Every structure is written in structure tokens, then in C-alpha cells.
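upload-v2.cif, holding mmCIF, N, CA and C atoms:
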data_run
loop_
_atom_site.label_atom_id
_atom_site.label_comp_id
_atom_site.auth_asym_id
_atom_site.auth_seq_id
_atom_site.Cartn_x
_atom_site.Cartn_y
_atom_site.Cartn_z
N MET A 1218 8.07 22.42 25.89
CA MET A 1218 9.11 21.49 26.27
C MET A 1218 9.32 20.50 25.12
N ALA A 1219 10.57 20.31 24.78
CA ALA A 1219 10.91 19.38 23.71
C ALA A 1219 10.89 17.94 24.21
N VAL A 1220 10.56 17.05 23.34
CA VAL A 1220 10.58 15.63 23.64
C VAL A 1220 11.58 14.99 22.70
N SER A 1221 12.55 14.30 23.25
CA SER A 1221 13.50 13.62 22.39
C SER A 1221 13.01 12.19 22.14
N ILE A 1222 13.32 11.70 20.97
CA ILE A 1222 12.88 10.37 20.59
C ILE A 1222 14.12 9.55 20.27
N GLU A 1223 14.24 8.43 20.95
CA GLU A 1223 15.36 7.53 20.69
C GLU A 1223 14.85 6.37 19.85
N LEU A 1224 15.52 6.13 18.75
CA LEU A 1224 15.13 5.01 17.90
C LEU A 1224 15.77 3.73 18.44
N THR A 1225 14.92 2.77 18.73
CA THR A 1225 15.41 1.48 19.21
C THR A 1225 15.83 0.64 18.00
N LYS A 1226 16.57 -0.41 18.26
CA LYS A 1226 16.97 -1.27 17.15
C LYS A 1226 15.77 -1.91 16.48
N GLU A 1227 14.67 -2.09 17.22
CA GLU A 1227 13.46 -2.67 16.65
C GLU A 1227 12.85 -1.78 15.57
N TYR A 1228 13.19 -0.49 15.58
CA TYR A 1228 12.67 0.40 14.54
C TYR A 1228 13.19 -0.02 13.17
N GLY A 1229 14.28 -0.75 13.16
CA GLY A 1229 14.79 -1.29 11.90
C GLY A 1229 13.77 -2.17 11.20
N TYR A 1230 12.94 -2.88 11.97
CA TYR A 1230 11.89 -3.70 11.37
C TYR A 1230 10.86 -2.83 10.65
N VAL A 1231 10.59 -1.66 11.21
CA VAL A 1231 9.67 -0.71 10.59
C VAL A 1231 10.22 -0.28 9.23
N VAL A 1232 11.50 0.07 9.22
CA VAL A 1232 12.14 0.49 7.98
C VAL A 1232 12.11 -0.64 6.95
N LEU A 1233 12.36 -1.86 7.39
CA LEU A 1233 12.35 -2.99 6.46
C LEU A 1233 10.95 -3.28 5.92
N ALA A 1234 9.93 -3.06 6.74
CA ALA A 1234 8.55 -3.22 6.26
C ALA A 1234 8.26 -2.20 5.16
N LEU A 1235 8.76 -0.99 5.32
CA LEU A 1235 8.60 0.04 4.30
C LEU A 1235 9.34 -0.36 3.02
N VAL A 1236 10.54 -0.90 3.15
CA VAL A 1236 11.32 -1.35 1.99
C VAL A 1236 10.59 -2.48 1.27
N ALA A 1237 9.99 -3.39 2.03
CA ALA A 1237 9.23 -4.49 1.41
C ALA A 1237 8.10 -3.94 0.55
N TYR A 1238 7.42 -2.91 1.07
CA TYR A 1238 6.33 -2.31 0.30
C TYR A 1238 6.86 -1.60 -0.94
N ALA A 1239 8.04 -0.99 -0.83
CA ALA A 1239 8.63 -0.33 -1.99
C ALA A 1239 8.89 -1.35 -3.10
N PHE A 1240 9.40 -2.54 -2.73
CA PHE A 1240 9.61 -3.59 -3.72
C PHE A 1240 8.28 -4.06 -4.32
N LEU A 1241 7.26 -4.17 -3.48
CA LEU A 1241 5.94 -4.54 -3.98
C LEU A 1241 5.44 -3.52 -4.99
N ASN A 1242 5.64 -2.25 -4.69
CA ASN A 1242 5.21 -1.19 -5.59
C ASN A 1242 5.93 -1.28 -6.94
N PHE A 1243 7.23 -1.55 -6.91
CA PHE A 1243 7.96 -1.73 -8.17
C PHE A 1243 7.39 -2.92 -8.94
N TRP A 1244 7.13 -4.01 -8.26
CA TRP A 1244 6.57 -5.19 -8.91
C TRP A 1244 5.23 -4.86 -9.57
N MET A 1245 4.37 -4.13 -8.83
CA MET A 1245 3.07 -3.76 -9.40
C MET A 1245 3.24 -2.89 -10.64
N SER A 1246 4.19 -1.97 -10.60
CA SER A 1246 4.40 -1.09 -11.76
C SER A 1246 4.87 -1.91 -12.97
N PHE A 1247 5.68 -2.93 -12.74
CA PHE A 1247 6.08 -3.81 -13.84
C PHE A 1247 4.88 -4.59 -14.40
N GLN A 1248 3.96 -4.97 -13.53
CA GLN A 1248 2.76 -5.67 -13.98
C GLN A 1248 1.91 -4.76 -14.86
N VAL A 1249 1.84 -3.49 -14.51
CA VAL A 1249 1.09 -2.54 -15.34
C VAL A 1249 1.78 -2.40 -16.69
N GLY A 1250 3.10 -2.34 -16.68
CA GLY A 1250 3.84 -2.25 -17.94
C GLY A 1250 3.59 -3.46 -18.84
N LYS A 1251 3.58 -4.66 -18.23
CA LYS A 1251 3.28 -5.87 -19.00
C LYS A 1251 1.86 -5.81 -19.56
N ALA A 1252 0.92 -5.33 -18.74
CA ALA A 1252 -0.47 -5.24 -19.18
C ALA A 1252 -0.61 -4.22 -20.31
N ARG A 1253 0.17 -3.15 -20.27
CA ARG A 1253 0.14 -2.15 -21.35
C ARG A 1253 0.52 -2.80 -22.68
N ARG A 1254 1.57 -3.61 -22.66
CA ARG A 1254 2.00 -4.28 -23.89
C ARG A 1254 0.96 -5.33 -24.33
N LYS A 1255 0.50 -6.12 -23.37
CA LYS A 1255 -0.43 -7.21 -23.69
C LYS A 1255 -1.75 -6.68 -24.27
N TYR A 1256 -2.28 -5.61 -23.66
CA TYR A 1256 -3.58 -5.09 -24.06
C TYR A 1256 -3.49 -3.88 -24.98
N LYS A 1257 -2.26 -3.53 -25.37
CA LYS A 1257 -2.01 -2.45 -26.33
C LYS A 1257 -2.59 -1.10 -25.86
N VAL A 1258 -2.22 -0.75 -24.64
CA VAL A 1258 -2.59 0.56 -24.08
C VAL A 1258 -1.28 1.30 -23.85
N PHE A 1259 -1.00 2.26 -24.71
CA PHE A 1259 0.30 2.91 -24.71
C PHE A 1259 0.27 4.26 -23.99
N TYR A 1260 1.43 4.64 -23.48
CA TYR A 1260 1.57 5.94 -22.81
C TYR A 1260 1.25 7.05 -23.78
N PRO A 1261 0.67 8.14 -23.35
CA PRO A 1261 0.37 8.53 -21.97
C PRO A 1261 -1.03 8.15 -21.50
N THR A 1262 -1.69 7.27 -22.22
CA THR A 1262 -3.05 6.88 -21.85
C THR A 1262 -3.05 6.22 -20.48
N MET A 1263 -3.84 6.78 -19.57
CA MET A 1263 -3.90 6.25 -18.20
C MET A 1263 -4.84 5.05 -18.13
N TYR A 1264 -6.00 5.16 -18.75
CA TYR A 1264 -6.99 4.08 -18.74
C TYR A 1264 -7.49 3.83 -20.16
N ALA A 1265 -7.76 2.57 -20.45
CA ALA A 1265 -8.28 2.20 -21.76
C ALA A 1265 -9.78 2.52 -21.83
N VAL A 1266 -10.24 2.78 -23.03
CA VAL A 1266 -11.65 3.08 -23.27
C VAL A 1266 -12.28 1.85 -23.92
N GLU A 1267 -13.37 1.38 -23.34
CA GLU A 1267 -14.00 0.14 -23.81
C GLU A 1267 -14.44 0.21 -25.27
N SER A 1268 -14.84 1.38 -25.73
CA SER A 1268 -15.27 1.49 -27.13
C SER A 1268 -14.09 1.39 -28.10
N GLU A 1269 -12.87 1.55 -27.59
CA GLU A 1269 -11.68 1.51 -28.44
C GLU A 1269 -10.83 0.26 -28.22
N ASN A 1270 -11.07 -0.46 -27.13
CA ASN A 1270 -10.20 -1.59 -26.79
C ASN A 1270 -11.05 -2.67 -26.12
N LYS A 1271 -11.12 -3.83 -26.74
CA LYS A 1271 -11.96 -4.91 -26.20
C LYS A 1271 -11.46 -5.41 -24.85
N ASP A 1272 -10.19 -5.19 -24.54
CA ASP A 1272 -9.60 -5.63 -23.27
C ASP A 1272 -9.49 -4.49 -22.26
N ALA A 1273 -10.24 -3.44 -22.48
CA ALA A 1273 -10.13 -2.26 -21.63
C ALA A 1273 -10.34 -2.58 -20.15
N LYS A 1274 -11.35 -3.36 -19.84
CA LYS A 1274 -11.64 -3.66 -18.44
C LYS A 1274 -10.49 -4.42 -17.79
N LEU A 1275 -9.92 -5.39 -18.51
CA LEU A 1275 -8.81 -6.16 -17.96
C LEU A 1275 -7.62 -5.25 -17.66
N PHE A 1276 -7.28 -4.39 -18.63
CA PHE A 1276 -6.17 -3.46 -18.39
C PHE A 1276 -6.50 -2.50 -17.25
N ASN A 1277 -7.68 -1.94 -17.28
CA ASN A 1277 -8.05 -0.95 -16.27
C ASN A 1277 -8.03 -1.53 -14.86
N CYS A 1278 -8.37 -2.79 -14.73
CA CYS A 1278 -8.32 -3.43 -13.40
C CYS A 1278 -6.88 -3.56 -12.91
N VAL A 1279 -5.95 -3.90 -13.80
CA VAL A 1279 -4.53 -3.95 -13.41
C VAL A 1279 -4.07 -2.55 -13.02
N GLN A 1280 -4.40 -1.59 -13.86
CA GLN A 1280 -4.00 -0.19 -13.61
C GLN A 1280 -4.59 0.32 -12.29
N ARG A 1281 -5.87 0.02 -12.04
CA ARG A 1281 -6.52 0.49 -10.80
C ARG A 1281 -5.91 -0.17 -9.57
N GLY A 1282 -5.54 -1.44 -9.68
CA GLY A 1282 -4.91 -2.11 -8.55
C GLY A 1282 -3.65 -1.40 -8.12
N HIS A 1283 -2.85 -0.99 -9.10
CA HIS A 1283 -1.62 -0.25 -8.77
C HIS A 1283 -1.94 1.17 -8.34
N GLN A 1284 -2.83 1.83 -9.06
CA GLN A 1284 -3.18 3.22 -8.75
C GLN A 1284 -3.74 3.35 -7.34
N ASN A 1285 -4.60 2.42 -6.94
CA ASN A 1285 -5.17 2.48 -5.60
C ASN A 1285 -4.08 2.28 -4.55
N SER A 1286 -3.13 1.43 -4.85
CA SER A 1286 -2.02 1.23 -3.91
C SER A 1286 -1.19 2.50 -3.78
N LEU A 1287 -1.00 3.21 -4.89
CA LEU A 1287 -0.29 4.49 -4.84
C LEU A 1287 -1.08 5.53 -4.03
N GLU A 1288 -2.39 5.52 -4.18
CA GLU A 1288 -3.23 6.47 -3.45
C GLU A 1288 -3.16 6.23 -1.94
N MET A 1289 -3.02 4.98 -1.54
CA MET A 1289 -2.95 4.63 -0.12
C MET A 1289 -1.54 4.76 0.46
N MET A 1290 -0.54 4.86 -0.40
CA MET A 1290 0.85 4.84 0.05
C MET A 1290 1.20 5.94 1.06
N PRO A 1291 0.79 7.20 0.84
CA PRO A 1291 1.15 8.22 1.84
C PRO A 1291 0.60 7.91 3.24
N LEU A 1292 -0.65 7.48 3.31
CA LEU A 1292 -1.23 7.12 4.61
C LEU A 1292 -0.47 5.96 5.23
N PHE A 1293 -0.16 4.96 4.43
CA PHE A 1293 0.58 3.80 4.94
C PHE A 1293 1.96 4.21 5.44
N PHE A 1294 2.71 4.95 4.63
CA PHE A 1294 4.06 5.34 5.03
C PHE A 1294 4.06 6.18 6.31
N VAL A 1295 3.18 7.17 6.37
CA VAL A 1295 3.16 8.06 7.54
C VAL A 1295 2.77 7.29 8.80
N THR A 1296 1.71 6.50 8.72
CA THR A 1296 1.28 5.78 9.93
C THR A 1296 2.27 4.70 10.33
N LEU A 1297 2.92 4.07 9.36
CA LEU A 1297 3.94 3.08 9.68
C LEU A 1297 5.13 3.73 10.38
N LEU A 1298 5.65 4.81 9.80
CA LEU A 1298 6.85 5.44 10.34
C LEU A 1298 6.60 6.16 11.66
N VAL A 1299 5.46 6.83 11.77
CA VAL A 1299 5.18 7.57 13.01
C VAL A 1299 4.69 6.62 14.11
N GLY A 1300 3.75 5.75 13.79
CA GLY A 1300 3.27 4.79 14.78
C GLY A 1300 4.39 3.87 15.25
N GLY A 1301 5.33 3.58 14.35
CA GLY A 1301 6.45 2.72 14.69
C GLY A 1301 7.44 3.34 15.66
N LEU A 1302 7.37 4.64 15.85
CA LEU A 1302 8.27 5.28 16.82
C LEU A 1302 8.01 4.78 18.23
N GLN A 1303 6.74 4.56 18.55
CA GLN A 1303 6.40 4.06 19.89
C GLN A 1303 6.15 2.56 19.91
N HIS A 1304 5.65 2.04 18.82
CA HIS A 1304 5.28 0.62 18.76
C HIS A 1304 5.98 -0.04 17.57
N PRO A 1305 7.31 -0.13 17.58
CA PRO A 1305 8.01 -0.59 16.38
C PRO A 1305 7.69 -2.02 15.95
N VAL A 1306 7.58 -2.94 16.87
CA VAL A 1306 7.33 -4.33 16.49
C VAL A 1306 5.91 -4.50 15.97
N ILE A 1307 4.96 -3.89 16.66
CA ILE A 1307 3.56 -3.97 16.22
C ILE A 1307 3.40 -3.30 14.86
N ALA A 1308 3.97 -2.11 14.72
CA ALA A 1308 3.85 -1.38 13.45
C ALA A 1308 4.52 -2.15 12.32
N ALA A 1309 5.68 -2.72 12.58
CA ALA A 1309 6.37 -3.50 11.53
C ALA A 1309 5.53 -4.71 11.13
N ALA A 1310 4.97 -5.40 12.10
CA ALA A 1310 4.13 -6.56 11.79
C ALA A 1310 2.91 -6.13 10.98
N LEU A 1311 2.29 -5.03 11.38
CA LEU A 1311 1.15 -4.52 10.61
C LEU A 1311 1.58 -4.08 9.22
N GLY A 1312 2.78 -3.53 9.11
CA GLY A 1312 3.31 -3.11 7.82
C GLY A 1312 3.52 -4.28 6.88
N VAL A 1313 4.07 -5.36 7.39
CA VAL A 1313 4.26 -6.56 6.56
C VAL A 1313 2.90 -7.16 6.20
N PHE A 1314 1.99 -7.19 7.17
CA PHE A 1314 0.64 -7.69 6.92
C PHE A 1314 -0.04 -6.86 5.83
N TYR A 1315 0.13 -5.54 5.91
CA TYR A 1315 -0.43 -4.63 4.91
C TYR A 1315 0.14 -4.94 3.52
N ALA A 1316 1.46 -5.11 3.43
CA ALA A 1316 2.10 -5.38 2.14
C ALA A 1316 1.59 -6.69 1.55
N VAL A 1317 1.47 -7.71 2.37
CA VAL A 1317 0.98 -9.01 1.89
C VAL A 1317 -0.48 -8.87 1.43
N ALA A 1318 -1.28 -8.19 2.22
CA ALA A 1318 -2.69 -7.99 1.84
C ALA A 1318 -2.80 -7.17 0.56
N ARG A 1319 -1.92 -6.18 0.40
CA ARG A 1319 -1.92 -5.37 -0.82
C ARG A 1319 -1.53 -6.19 -2.04
N PHE A 1320 -0.64 -7.16 -1.87
CA PHE A 1320 -0.30 -8.07 -2.95
C PHE A 1320 -1.56 -8.80 -3.42
N PHE A 1321 -2.31 -9.35 -2.46
CA PHE A 1321 -3.54 -10.07 -2.82
C PHE A 1321 -4.62 -9.13 -3.35
N TYR A 1322 -4.64 -7.90 -2.87
CA TYR A 1322 -5.56 -6.89 -3.39
C TYR A 1322 -5.28 -6.68 -4.87
N PHE A 1323 -4.00 -6.49 -5.19
CA PHE A 1323 -3.61 -6.27 -6.58
C PHE A 1323 -3.92 -7.50 -7.44
N LYS A 1324 -3.52 -8.67 -6.96
CA LYS A 1324 -3.74 -9.89 -7.73
C LYS A 1324 -5.24 -10.12 -7.98
N GLY A 1325 -6.06 -9.87 -6.96
CA GLY A 1325 -7.50 -10.03 -7.13
C GLY A 1325 -8.07 -9.04 -8.13
N TYR A 1326 -7.63 -7.79 -8.04
CA TYR A 1326 -8.10 -6.77 -8.97
C TYR A 1326 -7.69 -7.12 -10.40
N ALA A 1327 -6.46 -7.61 -10.56
CA ALA A 1327 -5.92 -7.90 -11.88
C ALA A 1327 -6.63 -9.05 -12.60
N THR A 1328 -7.51 -9.76 -11.91
CA THR A 1328 -8.28 -10.81 -12.57
C THR A 1328 -9.31 -10.24 -13.54
N GLY A 1329 -9.59 -8.95 -13.41
CA GLY A 1329 -10.62 -8.33 -14.24
C GLY A 1329 -11.97 -8.30 -13.56
N ILE A 1330 -12.04 -8.87 -12.37
CA ILE A 1330 -13.27 -8.85 -11.58
C ILE A 1330 -12.97 -8.02 -10.32
N PRO A 1331 -13.34 -6.76 -10.31
CA PRO A 1331 -12.95 -5.86 -9.22
C PRO A 1331 -13.26 -6.37 -7.81
N ASP A 1332 -14.36 -7.10 -7.64
CA ASP A 1332 -14.69 -7.59 -6.30
C ASP A 1332 -13.67 -8.58 -5.76
N ASN A 1333 -12.90 -9.21 -6.64
CA ASN A 1333 -11.89 -10.17 -6.20
C ASN A 1333 -10.78 -9.50 -5.38
N ARG A 1334 -10.64 -8.19 -5.50
CA ARG A 1334 -9.60 -7.48 -4.75
C ARG A 1334 -9.83 -7.55 -3.25
N LEU A 1335 -11.06 -7.77 -2.84
CA LEU A 1335 -11.40 -7.73 -1.42
C LEU A 1335 -11.40 -9.09 -0.74
N LYS A 1336 -11.29 -10.17 -1.50
CA LYS A 1336 -11.37 -11.51 -0.89
C LYS A 1336 -10.34 -11.68 0.21
N ILE A 1337 -9.10 -11.49 -0.08
CA ILE A 1337 -8.03 -11.51 0.93
C ILE A 1337 -7.45 -10.10 1.06
N GLY A 1338 -7.36 -9.42 -0.07
CA GLY A 1338 -6.77 -8.09 -0.10
C GLY A 1338 -7.47 -7.07 0.76
N GLY A 1339 -8.76 -7.28 1.01
CA GLY A 1339 -9.50 -6.33 1.85
C GLY A 1339 -8.98 -6.25 3.27
N LEU A 1340 -8.19 -7.25 3.66
CA LEU A 1340 -7.60 -7.22 5.01
C LEU A 1340 -6.60 -6.09 5.18
N ASN A 1341 -6.18 -5.47 4.08
CA ASN A 1341 -5.24 -4.35 4.20
C ASN A 1341 -5.85 -3.22 5.02
N PHE A 1342 -7.16 -3.10 5.01
CA PHE A 1342 -7.80 -2.03 5.77
C PHE A 1342 -7.68 -2.26 7.28
N LEU A 1343 -7.65 -3.51 7.70
CA LEU A 1343 -7.41 -3.81 9.12
C LEU A 1343 -6.01 -3.38 9.53
N ALA A 1344 -5.03 -3.64 8.65
CA ALA A 1344 -3.66 -3.24 8.94
C ALA A 1344 -3.55 -1.72 9.03
N ILE A 1345 -4.16 -1.01 8.10
CA ILE A 1345 -4.12 0.46 8.15
C ILE A 1345 -4.78 0.97 9.41
N PHE A 1346 -5.91 0.38 9.77
CA PHE A 1346 -6.59 0.80 11.01
C PHE A 1346 -5.68 0.59 12.21
N GLY A 1347 -4.99 -0.55 12.26
CA GLY A 1347 -4.05 -0.81 13.35
C GLY A 1347 -2.93 0.20 13.38
N LEU A 1348 -2.42 0.57 12.20
CA LEU A 1348 -1.36 1.58 12.15
C LEU A 1348 -1.86 2.95 12.58
N ILE A 1349 -3.10 3.27 12.26
CA ILE A 1349 -3.68 4.53 12.72
C ILE A 1349 -3.77 4.54 14.24
N ILE A 1350 -4.15 3.41 14.83
CA ILE A 1350 -4.21 3.30 16.30
C ILE A 1350 -2.81 3.49 16.90
N CYS A 1351 -1.80 2.87 16.32
CA CYS A 1351 -0.42 3.03 16.80
C CYS A 1351 0.00 4.50 16.74
N THR A 1352 -0.35 5.16 15.64
CA THR A 1352 0.02 6.57 15.48
C THR A 1352 -0.73 7.45 16.47
N ALA A 1353 -2.01 7.18 16.66
CA ALA A 1353 -2.79 7.94 17.64
C ALA A 1353 -2.23 7.74 19.05
N SER A 1354 -1.85 6.52 19.37
CA SER A 1354 -1.26 6.23 20.67
C SER A 1354 0.02 7.04 20.88
N PHE A 1355 0.83 7.12 19.84
CA PHE A 1355 2.06 7.90 19.92
C PHE A 1355 1.74 9.38 20.16
N GLY A 1356 0.77 9.91 19.42
CA GLY A 1356 0.38 11.32 19.59
C GLY A 1356 -0.15 11.60 20.98
N ILE A 1357 -1.00 10.71 21.48
CA ILE A 1357 -1.55 10.88 22.84
C ILE A 1357 -0.44 10.83 23.87
N ASN A 1358 0.49 9.91 23.68
CA ASN A 1358 1.62 9.79 24.60
C ASN A 1358 2.46 11.06 24.62
N LEU A 1359 2.67 11.67 23.46
CA LEU A 1359 3.42 12.93 23.41
C LEU A 1359 2.70 14.02 24.19
N ILE A 1360 1.40 14.14 24.00
CA ILE A 1360 0.63 15.16 24.69
C ILE A 1360 0.67 14.95 26.19
N LEU A 1361 0.48 13.71 26.62
CA LEU A 1361 0.49 13.42 28.07
C LEU A 1361 1.86 13.69 28.68
N ARG A 1362 2.93 13.40 27.97
CA ARG A 1362 4.27 13.69 28.47
C ARG A 1362 4.48 15.16 28.62
N GLU A 1363 3.95 15.93 27.67
CA GLU A 1363 4.11 17.39 27.71
C GLU A 1363 3.42 17.99 28.92
N SER A 1364 2.28 17.45 29.29
CA SER A 1364 1.49 18.06 30.35
C SER A 1364 1.96 17.67 31.75
N LEU A 1365 2.83 16.71 31.87
CA LEU A 1365 3.30 16.28 33.19
C LEU A 1365 4.37 17.18 33.75
#
Kindly transcribe the structure held in the file into C-alpha cells.
Amino acid sequence: MAVSIELTKEYGYVVLALVAYAFLNFWMSFQVGKARRKYKVFYPTMYAVESENKDAKLFNCVQRGHQNSLEMMPLFFVTLLVGGLQHPVIAAALGVFYAVARFFYFKGYATGIPDNRLKIGGLNFLAIFGLIICTASFGINLILRESL
């Protein structure tokens, strides 16, 4: 049996939370570009080598902050968009919370002290966990509807 899904106007908040993160991602990529120029790490080099560059750790921390955000992006996008189908306001709020926490994650990492990424930025994991719960709730709801 097919289940139809109607998008409520509140789902627009979910989409806007995703757009906010897209802008954050662009901003982070510009920060990596600035760090490449500042620390003289040119393409296609992904990470600086400490034996070749005295600022390698500083650059690598900026690069890792962005790279880790890219690694988490598929999980964030899927759980935001799917969980938001049933819980649009909650998912959107968690999405904005995630984006803000990711900003602080990046800023903390970019200090050159990796542990600084978790001071405020570590809260992004709570947002992801909440989005996973929203997505699981949606999946369970689909299964229960099918069996009735």
C-alpha cells in the first residue's frame, strides 16, 4: 500500500535550515582558501606537512574543520529532510541549532587547538541525534500505517 506525503508549509523551515547550512559551508570553504594563502599551502595539497611548513598544524586544523563538516553533511541533510517530513518545526530547529554548533566547531578547530572544536561546537552531536530520532519516528510511523 502506498503512503502519500503532503508537505506542510512548515516544511519550508526545513528547507531554509538546509540553505543556512549551505551558506555556512561556502563560508567555511572561503576560510580554507584564506588559510591556504596565509600558510602557503597550495592546491592540490590537501594537508600541510609539518616538516615542510612551520604552520602546518594551523592550516590543517582549518582544513579539518571544513573537511569534518563535509563528512557529516550527508547524514545531516538526509536526517533533516526525512525527519522533517513528519516533524518539520522540530527538525528545522535542530537544523539551525546544528548549523550554529557547526560554526563554533569550525571556529574552535581553526584556533589550531583541536580540542577547542568541542567547547560549544560539540553540541552539534546533540542536534544530529535529535534529527536521527525524528527520522526514526517517521520510519516507524510509516511502518505502523502500513500494517493497519
Check: Expanded to explicit residues, what is the PyMOL selection byres (((chain A and resi 1318 and name CA) around 6) and name CA) for this file, as a PyMOL selection string?
Finding: chain A and resi 1315-1317+1319-1321+1338+1340-1341
Checklist line | Picked residues, the PyMOL selection byres (((chain A and resi 1274 and name CA) around 12) and name CA), expected as a PyMOL selection string | finding: chain A and resi 1252+1256+1258+1264-1273+1275-1281+1326-1331
Note to self: What does the structure give for the distance between atom N of Ser1246 in chain A and atom C of Met1263 in chain A, in Å to one decimal?
What the structure shows: 13.7 Å
Margin query: What's around range 1299-1312 of chain A at 6.5 Å? Count all atoms listed in the file, leave out sequence neighbours fewer than 2 positions away in its own chain, and write the answer as a list of chain:residue names.
Written below: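 The residues that qualify are A:Glu1227, A:Tyr1228, A:Tyr1230, A:Val1231, A:Ala1234, A:Leu1235, A:Phe1294, A:Val1295, A:Thr1296, A:Leu1297, A:Phe1314, A:Tyr1315, A:Ala1316, A:Val1317, A:Ala1344, A:Leu1348, A:Cys1351, A:Thr1352, A:Ala1353, A:Phe1355.
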Check: What is the distance, in Å and to one decimal place, between CA of Asp1332 in chain A and atom N of Thr1262 in chain A?
Finding: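 Separating CA of Asp1332 in chain A from atom N of Thr1262 in chain A is a distance of 25.4 Å.
We find atom N of Gly1339 in chain A and atom N of Leu1287 in chain A to be spaced 14.3 Å apart.
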Notebook entry, point to check: A:Ile1222, A:Ala1237, A:Pro1291, A:Arg1362: which is nearest Ile1345 in chain A, counting only C-alpha atoms?
Noted result: A:Pro1291
Next item on the list: Pick out the closest residue to Phe1346 in chain A from this set: A:Val1236, A:Pro1261, A:Leu1224, A:Leu1292. Count only C-alpha atoms.
Entry: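 Once distances to Phe1346 in chain A are computed over only C-alpha atoms, the minimum belongs to A:Leu1292.
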Item checked: Nearest residue to Trp1244 in chain A from the set A:Gly1229, A:Lys1257, A:Phe1293, A:Lys1324 (distances using only C-alpha atoms) ->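 Among the listed residues, the smallest separation from Trp1244 in chain A belongs to A:Lys1324.
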